[in-house]
>>> print(open('protein_3.csv').read())   # CSV, C-alpha atoms
chain,number,residue,atom,x,y,z
D,639,MET,CA,38.7,-28.7,8.4
D,640,LYS,CA,35.7,-26.7,7.3
D,641,LYS,CA,36.1,-23.4,5.5
D,642,SER,CA,33.5,-20.6,5.6
D,643,ILE,CA,32.1,-19.7,2.1
D,644,GLY,CA,29.5,-17.2,3.2
D,645,GLY,CA,25.7,-17.1,3.1
D,646,LYS,CA,25.0,-18.6,-0.3
D,647,THR,CA,22.2,-20.6,-2.0
D,648,LEU,CA,23.5,-24.1,-2.1
D,649,VAL,CA,21.9,-27.5,-1.4
D,650,PHE,CA,22.9,-30.7,-3.2
D,651,PRO,CA,21.2,-31.8,-5.3
D,652,ALA,CA,18.6,-29.2,-6.5
D,653,PRO,CA,15.8,-30.4,-8.8
D,654,VAL,CA,15.0,-29.0,-12.3
D,655,LEU,CA,11.3,-28.0,-12.1
D,656,ILE,CA,9.6,-26.7,-15.2
D,657,VAL,CA,6.7,-24.5,-14.1
D,658,GLY,CA,3.8,-24.3,-16.5
D,659,THR,CA,1.3,-21.3,-16.5
D,660,TYR,CA,-1.1,-19.4,-18.7
D,661,ASP,CA,-0.8,-15.6,-19.2
D,662,ASP,CA,-3.8,-13.2,-19.4
D,663,ALA,CA,-4.2,-14.0,-23.1
D,664,HIS,CA,-4.3,-17.7,-22.3
D,665,LYS,CA,-0.9,-18.2,-23.9
D,666,PRO,CA,1.0,-21.1,-22.3
D,667,ASN,CA,4.4,-20.5,-20.8
D,668,VAL,CA,7.0,-22.5,-19.0
D,669,MET,CA,10.0,-21.6,-16.9
D,670,ALA,CA,12.8,-23.5,-15.2
D,671,VAL,CA,13.0,-23.3,-11.4
D,672,ALA,CA,15.7,-24.8,-9.2
D,673,TRP,CA,14.3,-23.4,-5.9
D,674,GLY,CA,11.6,-25.7,-4.9
D,675,GLY,CA,10.5,-29.2,-3.8
D,676,ILE,CA,7.9,-31.1,-1.9
D,677,CYS,CA,6.9,-29.2,1.3
D,678,CYS,CA,4.0,-31.2,2.9
D,679,SER,CA,2.6,-34.7,2.8
D,680,GLN,CA,-1.0,-34.0,3.8
D,681,PRO,CA,-2.3,-32.3,1.8
D,682,PRO,CA,0.4,-33.2,-0.8
D,683,CYS,CA,2.1,-29.9,-1.6
D,684,VAL,CA,5.0,-28.6,-3.7
D,685,ALA,CA,6.8,-25.3,-3.3
D,686,VAL,CA,8.3,-23.2,-6.1
D,687,SER,CA,10.1,-19.9,-5.6
D,688,LEU,CA,10.0,-17.2,-8.4
D,689,ARG,CA,11.2,-13.7,-8.7
D,690,LYS,CA,8.5,-11.1,-9.1
D,691,ALA,CA,10.2,-10.0,-12.3
D,692,THR,CA,9.5,-13.2,-14.1
D,693,TYR,CA,6.5,-13.5,-16.5
D,694,SER,CA,5.4,-16.7,-14.8
D,695,TYR,CA,5.1,-14.9,-11.4
D,696,GLY,CA,2.2,-12.7,-12.7
D,697,ASN,CA,0.6,-15.7,-14.3
D,698,ILE,CA,0.5,-17.7,-11.1
D,699,VAL,CA,-0.9,-14.7,-9.1
D,700,SER,CA,-3.7,-14.3,-11.7
D,701,ARG,CA,-4.6,-17.9,-12.3
D,702,LYS,CA,-3.8,-19.3,-8.8
D,703,ALA,CA,-2.5,-22.4,-10.5
D,704,PHE,CA,0.6,-23.9,-12.0
D,705,THR,CA,2.0,-27.2,-13.2
D,706,VAL,CA,5.4,-28.7,-12.3
D,707,ASN,CA,6.9,-30.7,-15.2
D,708,ILE,CA,9.8,-33.0,-14.5
D,709,PRO,CA,12.2,-33.3,-17.5
D,710,SER,CA,14.2,-36.4,-18.2
D,711,GLU,CA,18.0,-36.1,-19.0
D,712,GLN,CA,17.3,-36.3,-22.7
D,713,GLN,CA,15.4,-33.0,-22.3
D,714,VAL,CA,18.2,-31.0,-20.7
D,715,ARG,CA,18.6,-28.6,-23.6
D,716,GLU,CA,14.9,-27.6,-23.5
D,717,ALA,CA,15.0,-27.4,-19.7
D,718,ASP,CA,18.0,-25.1,-19.8
D,719,TYR,CA,16.4,-22.9,-22.5
D,720,PHE,CA,13.3,-22.6,-20.3
D,721,GLY,CA,15.5,-21.1,-17.6
D,722,MET,CA,17.1,-18.5,-20.0
D,723,ALA,CA,14.3,-17.0,-22.1
D,724,SER,CA,11.3,-15.1,-20.8
D,725,GLY,CA,7.7,-15.8,-21.9
D,726,ARG,CA,7.4,-12.0,-22.2
D,727,ASP,CA,9.6,-12.1,-25.3
D,728,GLU,CA,9.4,-15.6,-26.7
D,729,ASP,CA,6.9,-18.3,-27.2
D,730,LYS,CA,8.9,-21.1,-25.6
D,731,PHE,CA,6.6,-23.9,-26.8
D,732,GLN,CA,6.9,-22.7,-30.4
D,733,ARG,CA,10.6,-22.4,-30.1
D,734,THR,CA,11.1,-25.9,-28.8
D,735,GLY,CA,8.4,-27.6,-30.8
D,736,LEU,CA,7.0,-29.0,-27.5
D,737,THR,CA,3.2,-29.3,-27.1
D,738,PRO,CA,1.1,-27.6,-24.4
D,739,VAL,CA,-1.7,-29.6,-23.0
D,740,ALA,CA,-4.5,-27.9,-20.9
D,741,SER,CA,-4.8,-29.4,-17.5
D,742,GLU,CA,-8.4,-30.5,-16.8
D,743,LEU,CA,-7.9,-30.0,-13.0
D,744,VAL,CA,-6.2,-26.6,-12.8
D,745,ASP,CA,-5.9,-23.4,-14.9
D,746,ALA,CA,-2.5,-24.2,-16.3
D,747,PRO,CA,-0.8,-26.1,-19.1
D,748,TYR,CA,1.6,-29.0,-19.0
D,749,ILE,CA,4.2,-30.3,-21.5
D,750,ALA,CA,3.0,-33.4,-23.4
D,751,GLU,CA,6.5,-34.7,-24.2
D,752,PHE,CA,7.8,-34.4,-20.6
D,753,PRO,CA,7.5,-37.7,-18.6
D,754,MET,CA,5.8,-36.4,-15.5
D,755,VAL,CA,3.7,-33.5,-14.3
D,756,LEU,CA,2.2,-32.3,-11.0
D,757,GLU,CA,-1.1,-30.3,-11.4
D,758,CYS,CA,-1.2,-27.7,-8.6
D,759,ARG,CA,-3.5,-25.0,-7.2
D,760,VAL,CA,-2.0,-22.3,-5.1
D,761,LEU,CA,-2.6,-22.7,-1.4
D,762,HIS,CA,-0.1,-20.2,0.1
D,763,THR,CA,2.0,-17.3,-1.2
D,764,ILE,CA,4.9,-16.4,1.0
D,765,GLU,CA,6.9,-13.2,0.4
D,766,ILE,CA,10.5,-14.1,1.5
D,767,GLY,CA,12.7,-11.5,-0.3
D,768,LEU,CA,13.8,-11.5,-3.9
D,769,HIS,CA,11.8,-14.7,-4.3
D,770,THR,CA,8.2,-15.4,-3.6
D,771,GLU,CA,7.3,-18.9,-2.6
D,772,PHE,CA,4.1,-20.4,-4.0
D,773,VAL,CA,2.9,-23.5,-2.2
D,774,GLY,CA,0.7,-25.6,-4.5
D,775,GLU,CA,-1.5,-28.4,-3.5
D,776,ILE,CA,-0.8,-31.4,-5.8
D,777,LEU,CA,-4.2,-32.4,-7.1
D,778,ASP,CA,-2.9,-35.1,-9.4
D,779,ILE,CA,0.3,-36.4,-10.9
D,780,LYS,CA,0.3,-37.7,-14.4
D,781,ALA,CA,3.2,-39.8,-15.7
D,782,GLU,CA,4.1,-41.6,-18.9
D,783,GLU,CA,3.4,-45.3,-18.6
D,784,THR,CA,7.0,-46.0,-19.7
D,785,VAL,CA,8.3,-44.4,-16.5
D,786,ILE,CA,5.9,-46.1,-14.1
D,787,GLY,CA,7.3,-49.2,-12.3
D,788,GLU,CA,5.6,-52.5,-11.5
D,789,ASN,CA,4.3,-51.1,-8.2
D,790,GLY,CA,2.5,-48.3,-9.9
D,791,ASN,CA,4.9,-45.5,-8.8
D,792,PRO,CA,6.9,-43.4,-11.2
D,793,ASP,CA,10.4,-44.8,-11.1
D,794,MET,CA,13.5,-42.6,-10.9
D,795,GLU,CA,15.6,-45.1,-12.8
D,796,ARG,CA,13.1,-45.1,-15.7
D,797,LEU,CA,12.4,-41.4,-15.7
D,798,LYS,CA,16.1,-40.4,-15.5
D,799,PRO,CA,15.6,-36.9,-14.1
D,800,ILE,CA,18.2,-34.1,-13.9
D,801,ALA,CA,20.1,-33.1,-10.8
D,802,TYR,CA,21.1,-29.4,-10.7
D,803,GLU,CA,24.3,-28.0,-9.1
D,804,PRO,CA,23.7,-24.4,-7.9
D,805,LEU,CA,26.6,-21.9,-7.9
D,806,ASN,CA,28.6,-24.0,-10.5
D,807,ARG,CA,25.4,-24.2,-12.5
D,808,ARG,CA,25.8,-27.7,-14.0
D,809,TYR,CA,23.4,-30.5,-14.8
D,810,PHE,CA,24.1,-34.1,-13.8
D,811,SER,CA,22.3,-37.4,-14.4
D,812,ILE,CA,21.3,-39.7,-11.6
D,813,GLY,CA,23.8,-42.4,-10.9
D,814,GLY,CA,23.7,-45.9,-9.3
D,815,LEU,CA,21.5,-47.2,-6.5
D,816,LEU,CA,23.0,-46.6,-3.0
D,817,GLY,CA,20.3,-48.4,-1.0
D,818,LYS,CA,16.8,-48.6,0.2
D,819,ALA,CA,15.6,-46.0,2.7
D,820,HIS,CA,14.5,-47.1,6.2
D,821,SER,CA,16.7,-50.1,5.5
D,822,VAL,CA,20.4,-49.3,4.9
D,823,GLY,CA,20.7,-47.5,8.2
D,824,ARG,CA,18.8,-50.1,10.2
D,825,GLU,CA,21.8,-51.8,11.6
D,826,ILE,CA,22.9,-48.6,13.4
D,827,GLY,CA,19.7,-48.5,15.4
D,828,ASP,CA,19.9,-52.2,16.4
P,929,MET,CA,0.2,-41.6,-23.0
P,930,LYS,CA,0.1,-40.2,-19.5
P,931,LYS,CA,-1.6,-42.1,-16.6
P,932,SER,CA,-3.0,-40.4,-13.5
P,933,ILE,CA,-1.5,-41.6,-10.3
P,934,GLY,CA,-3.3,-39.3,-7.9
P,935,GLY,CA,-2.1,-36.4,-5.6
P,936,LYS,CA,1.1,-37.8,-4.2
P,937,THR,CA,4.4,-36.2,-2.9
P,938,LEU,CA,6.8,-36.8,-5.7
P,939,VAL,CA,9.5,-34.6,-7.2
P,940,PHE,CA,12.7,-36.0,-8.8
P,941,PRO,CA,15.3,-35.8,-7.3
P,942,ALA,CA,14.7,-34.9,-3.7
P,943,PRO,CA,17.6,-34.0,-1.5
P,944,VAL,CA,18.7,-35.6,1.8
P,945,LEU,CA,18.9,-32.8,4.3
P,946,ILE,CA,20.1,-33.6,7.8
P,947,VAL,CA,18.6,-31.0,10.2
P,948,GLY,CA,20.6,-30.3,13.3
P,949,THR,CA,19.0,-28.8,16.5
P,950,TYR,CA,19.4,-28.5,20.3
P,951,ASP,CA,16.7,-29.6,22.7
P,952,ASP,CA,15.8,-27.8,25.9
P,953,ALA,CA,18.6,-29.6,27.7
P,954,HIS,CA,21.0,-28.5,25.0
P,955,LYS,CA,21.4,-32.1,23.8
P,956,PRO,CA,22.2,-32.1,20.0
P,957,ASN,CA,19.9,-33.9,17.7
P,958,VAL,CA,19.8,-34.6,14.0
P,959,MET,CA,17.0,-35.8,11.7
P,960,ALA,CA,16.7,-36.6,8.0
P,961,VAL,CA,14.4,-34.4,5.9
P,962,ALA,CA,13.5,-34.9,2.2
P,963,TRP,CA,11.0,-32.1,2.0
P,964,GLY,CA,13.0,-29.0,1.5
P,965,GLY,CA,15.4,-27.0,-0.6
P,966,ILE,CA,16.6,-23.4,-1.4
P,967,CYS,CA,13.6,-21.0,-1.5
P,968,CYS,CA,15.1,-17.5,-1.9
P,969,SER,CA,18.3,-16.0,-3.3
P,970,GLN,CA,18.2,-12.6,-1.4
P,971,PRO,CA,18.3,-13.1,1.6
P,972,PRO,CA,19.7,-16.6,0.9
P,973,CYS,CA,17.1,-19.0,2.5
P,974,VAL,CA,16.5,-22.7,2.7
P,975,ALA,CA,13.1,-24.3,3.6
P,976,VAL,CA,12.7,-27.6,5.6
P,977,SER,CA,9.3,-29.2,6.3
P,978,LEU,CA,8.8,-31.2,9.5
P,979,ARG,CA,5.9,-32.9,11.2
P,980,LYS,CA,4.9,-31.4,14.6
P,981,ALA,CA,5.3,-34.9,16.1
P,982,THR,CA,9.1,-34.9,15.5
P,983,TYR,CA,11.5,-34.0,18.3
P,984,SER,CA,13.3,-31.6,16.0
P,985,TYR,CA,10.1,-29.6,15.4
P,986,GLY,CA,9.9,-28.5,19.1
P,987,ASN,CA,13.6,-27.8,19.1
P,988,ILE,CA,13.4,-25.4,16.1
P,989,VAL,CA,10.4,-23.6,17.6
P,990,SER,CA,12.3,-23.1,20.9
P,991,ARG,CA,15.7,-22.2,19.5
P,992,LYS,CA,14.6,-20.4,16.2
P,993,ALA,CA,17.6,-21.9,14.6
P,994,PHE,CA,18.8,-25.1,12.8
P,995,THR,CA,21.6,-26.4,10.6
P,996,VAL,CA,21.2,-28.3,7.3
P,997,ASN,CA,24.0,-30.9,6.9
P,998,ILE,CA,24.6,-32.4,3.5
P,999,PRO,CA,25.8,-36.0,3.6
P,1000,SER,CA,28.1,-37.6,1.0
P,1001,GLU,CA,27.1,-41.0,-0.5
P,1002,GLN,CA,29.6,-42.7,1.9
P,1003,GLN,CA,27.4,-41.5,4.8
P,1004,VAL,CA,24.1,-43.0,3.4
P,1005,ARG,CA,23.8,-45.4,6.3
P,1006,GLU,CA,24.0,-42.6,8.9
P,1007,ALA,CA,21.7,-40.4,6.9
P,1008,ASP,CA,19.1,-43.2,6.7
P,1009,TYR,CA,19.3,-43.9,10.4
P,1010,PHE,CA,18.7,-40.2,11.1
P,1011,GLY,CA,15.4,-40.6,9.3
P,1012,MET,CA,14.3,-43.6,11.3
P,1013,ALA,CA,15.1,-43.0,14.9
P,1014,SER,CA,13.8,-40.2,17.1
P,1015,GLY,CA,15.9,-37.9,19.3
P,1016,ARG,CA,13.3,-38.4,21.9
P,1017,ASP,CA,14.4,-42.0,22.4
P,1018,GLU,CA,18.0,-42.2,21.2
P,1019,ASP,CA,21.1,-40.1,21.2
P,1020,LYS,CA,21.8,-40.2,17.5
P,1021,PHE,CA,25.3,-38.7,17.8
P,1022,GLN,CA,26.3,-41.4,20.3
P,1023,ARG,CA,24.9,-44.2,18.2
P,1024,THR,CA,26.7,-43.2,15.0
P,1025,GLY,CA,29.9,-42.0,16.7
P,1026,LEU,CA,29.6,-38.7,14.8
P,1027,THR,CA,30.7,-35.4,16.5
P,1028,PRO,CA,28.3,-32.5,17.2
P,1029,VAL,CA,29.9,-29.1,16.8
P,1030,ALA,CA,28.2,-25.9,18.2
P,1031,SER,CA,27.6,-23.3,15.5
P,1032,GLU,CA,29.1,-20.0,16.5
P,1033,LEU,CA,26.4,-18.2,14.4
P,1034,VAL,CA,23.2,-19.9,15.4
P,1035,ASP,CA,21.9,-21.9,18.4
P,1036,ALA,CA,22.2,-25.3,16.7
P,1037,PRO,CA,24.8,-28.0,16.2
P,1038,TYR,CA,26.3,-29.4,13.0
P,1039,ILE,CA,28.0,-32.7,12.2
P,1040,ALA,CA,31.8,-32.4,12.1
P,1041,GLU,CA,32.2,-35.4,9.8
P,1042,PHE,CA,29.7,-34.3,7.1
P,1043,PRO,CA,31.2,-32.4,4.2
P,1044,MET,CA,28.9,-29.3,4.2
P,1045,VAL,CA,26.6,-27.4,6.5
P,1046,LEU,CA,24.2,-24.5,6.2
P,1047,GLU,CA,23.8,-22.4,9.5
P,1048,CYS,CA,20.3,-21.0,9.6
P,1049,ARG,CA,18.1,-18.8,11.7
P,1050,VAL,CA,14.3,-19.1,11.3
P,1051,LEU,CA,12.7,-16.3,9.3
P,1052,HIS,CA,9.3,-17.7,8.6
P,1053,THR,CA,7.1,-20.6,10.0
P,1054,ILE,CA,4.4,-21.7,7.6
P,1055,GLU,CA,1.7,-24.1,8.7
P,1056,ILE,CA,0.7,-26.1,5.7
P,1057,GLY,CA,-0.9,-29.2,7.0
P,1058,LEU,CA,0.7,-32.3,8.4
P,1059,HIS,CA,4.0,-30.5,7.8
P,1060,THR,CA,5.2,-27.2,9.0
P,1061,GLU,CA,7.7,-25.4,6.8
P,1062,PHE,CA,10.5,-23.5,8.4
P,1063,VAL,CA,12.2,-20.9,6.2
P,1064,GLY,CA,15.8,-20.3,7.5
P,1065,GLU,CA,18.1,-17.6,6.4
P,1066,ILE,CA,21.4,-19.1,5.5
P,1067,LEU,CA,23.9,-17.0,7.6
P,1068,ASP,CA,26.9,-19.1,6.4
P,1069,ILE,CA,27.9,-22.3,4.7
P,1070,LYS,CA,30.9,-24.2,5.8
P,1071,ALA,CA,32.4,-26.9,3.7
P,1072,GLU,CA,35.4,-29.3,3.9
P,1073,GLU,CA,38.3,-28.0,1.8
P,1074,THR,CA,38.4,-31.3,0.0
P,1075,VAL,CA,35.0,-30.7,-1.5
P,1076,ILE,CA,35.7,-27.1,-2.6
P,1077,GLY,CA,36.7,-26.6,-6.2
P,1078,GLU,CA,39.3,-24.3,-7.7
P,1079,ASN,CA,36.7,-21.5,-8.1
P,1080,GLY,CA,36.0,-21.5,-4.3
P,1081,ASN,CA,32.5,-23.1,-4.6
P,1082,PRO,CA,31.7,-26.5,-3.1
P,1083,ASP,CA,31.7,-28.9,-6.0
P,1084,MET,CA,29.0,-31.6,-6.5
P,1085,GLU,CA,31.4,-34.0,-8.1
P,1086,ARG,CA,33.7,-33.8,-5.1
P,1087,LEU,CA,31.0,-33.8,-2.4
P,1088,LYS,CA,29.1,-36.7,-4.0
P,1089,PRO,CA,25.7,-36.0,-2.4
P,1090,ILE,CA,22.7,-38.4,-2.3
P,1091,ALA,CA,19.6,-38.1,-4.5
P,1092,TYR,CA,16.4,-39.4,-2.8
P,1093,GLU,CA,13.5,-41.1,-4.7
P,1094,PRO,CA,10.2,-40.5,-2.8
P,1095,LEU,CA,7.5,-43.1,-2.9
P,1096,ASN,CA,9.9,-45.9,-3.9
P,1097,ARG,CA,12.2,-44.7,-1.0
P,1098,ARG,CA,15.6,-45.3,-2.5
P,1099,TYR,CA,18.9,-43.5,-2.4
P,1100,PHE,CA,21.0,-42.9,-5.6
P,1101,SER,CA,24.4,-41.4,-6.3
P,1102,ILE,CA,24.9,-38.5,-8.7
P,1103,GLY,CA,25.9,-39.6,-12.2
P,1104,GLY,CA,27.7,-38.0,-15.1
P,1105,LEU,CA,27.8,-34.4,-16.3
P,1106,LEU,CA,25.0,-33.5,-18.7
P,1107,GLY,CA,26.0,-30.0,-19.4
P,1108,LYS,CA,26.5,-26.5,-18.2
P,1109,ALA,CA,23.4,-24.4,-17.3
P,1110,HIS,CA,22.7,-21.2,-19.4
P,1111,SER,CA,24.7,-22.9,-22.1
P,1112,VAL,CA,23.4,-26.3,-23.3
P,1113,GLY,CA,20.0,-24.7,-24.2
P,1114,ARG,CA,21.4,-21.6,-25.8
P,1115,GLU,CA,21.2,-22.9,-29.4
P,1116,ILE,CA,17.3,-23.1,-29.1
P,1117,GLY,CA,17.1,-19.4,-28.3
P,1118,ASP,CA,19.4,-18.4,-31.2
>>> encode(input="protein_3.csv", output="structure tokens")
Amino acid sequence: MKKSIGGKTLVFPAPVLIVGTYDDAHKPNVMAVAWGGICCSQPPCVAVSLRKATYSYGNIVSRKAFTVNIPSEQQVREADYFGMASGRDEDKFQRTGLTPVASELVDAPYIAEFPMVLECRVLHTIEIGLHTEFVGEILDIKAEETVIGENGNPDMERLKPIAYEPLNRRYFSIGGLLGKAHSVGREIGD
Amino acid sequence: MKKSIGGKTLVFPAPVLIVGTYDDAHKPNVMAVAWGGICCSQPPCVAVSLRKATYSYGNIVSRKAFTVNIPSEQQVREADYFGMASGRDEDKFQRTGLTPVASELVDAPYIAEFPMVLECRVLHTIEIGLHTEFVGEILDIKAEETVIGENGNPDMERLKPIAYEPLNRRYFSIGGLLGKAHSVGREIGD
């Protein structure tokens, strides 16, 4: 029996996306975003939603660019901190000891120590309500060689990303393999 | 050392969202979508991206409504099948033996046996490229009482959703607790 819980913001699992930007003084900033994900295959695009009140919002509007850094589970403390502090008040790179690297493709920094980054230029800006959604074209993805599998793709088992649980606000690791897509359901169609 | 892998569609983890719609003959259909997620807190909104070629695309355009059903890991076979077959050729409810339930809030069906559903009306339609993004206002969420925790929120440990790995196209379960948000990173800010 299903119970109504009201109009809430809940999808399982949500990602932990660390958005990298430059401010007007070219100071690098990062913030944690759980509202986002891939939104188009051609051109390859990722969407991230930010409140106007955030420091990163203004940075993206000015620079028309951002990066999306994917933390591994070992970096959950830094990722969580990036979602609490504001770049208006704190230098989050200095506080964490992480290293900003200037993207050569877009006007935004990424985190050297995080295993994977998407370099994005803003294609669309959609005013939804409290959040503004930025759709960024993914010009390149860069990943540590240690997380790239034999087929050349970044591998989720090697990268060990974080799954976020909205409402209860908890972080989880990724568990065991359930099966291959376009395969485990094949018998139903036959 | 980071290696460039090109502009690809990769974020870890992606969700498995089963989008429910009615066609012009009021036949219920479902399809699996990995490109989507929450995109606004107020009003609460979820985004799903579909190719125009899908049967569900036309259904959403006509009905201006859809549901987002979240499968548990025990339903990975059905979820995978929903991403392979087209409602144009097959009755996916009949094939899986699952039960369509008419939403009382929006003009779309949901899956009785899946543990959670978001009932959505279309607020925005954004043409990005190969994919069109539909932003739906979440009018209500309904969840099985067995997946609702003591605080009244659906609980990810009880629901056991599926994490999807793009490119390598694999499904994973959710693993162990890494920590509480706005908590594990607090010491960095102090």
>>> residues_near_point(input="protein_3.csv", point="(-7.1, -20.1, -10.2)", cutoff="7 Å", atoms="only C-alpha atoms", output="number ranges by chain")
D: 700-703, 745, 759
>>> interface_residues(input="protein_3.csv", of="chain D", to="chain P", cutoff="6 Å", atoms="only C-alpha atoms", output="ChimeraX atom specification")
/D:639-647,651,653,673-678,680,682,687,715-716,718-719,767-769,776-782,807-819,822-823
>>> atom_distance(input="protein_3.csv", atom1="atom CA of D:Ser724", atom2="atom CA of D:Thr659")
12.5 Å
>>> atom_distance(input="protein_3.csv", atom1="atom CA of D:Arg796", atom2="atom CA of D:Gln732")
27.5 Å
>>> atom_distance(input="protein_3.csv", atom1="atom CA of P:Ala981", atom2="atom CA of P:Met959")
12.5 Å
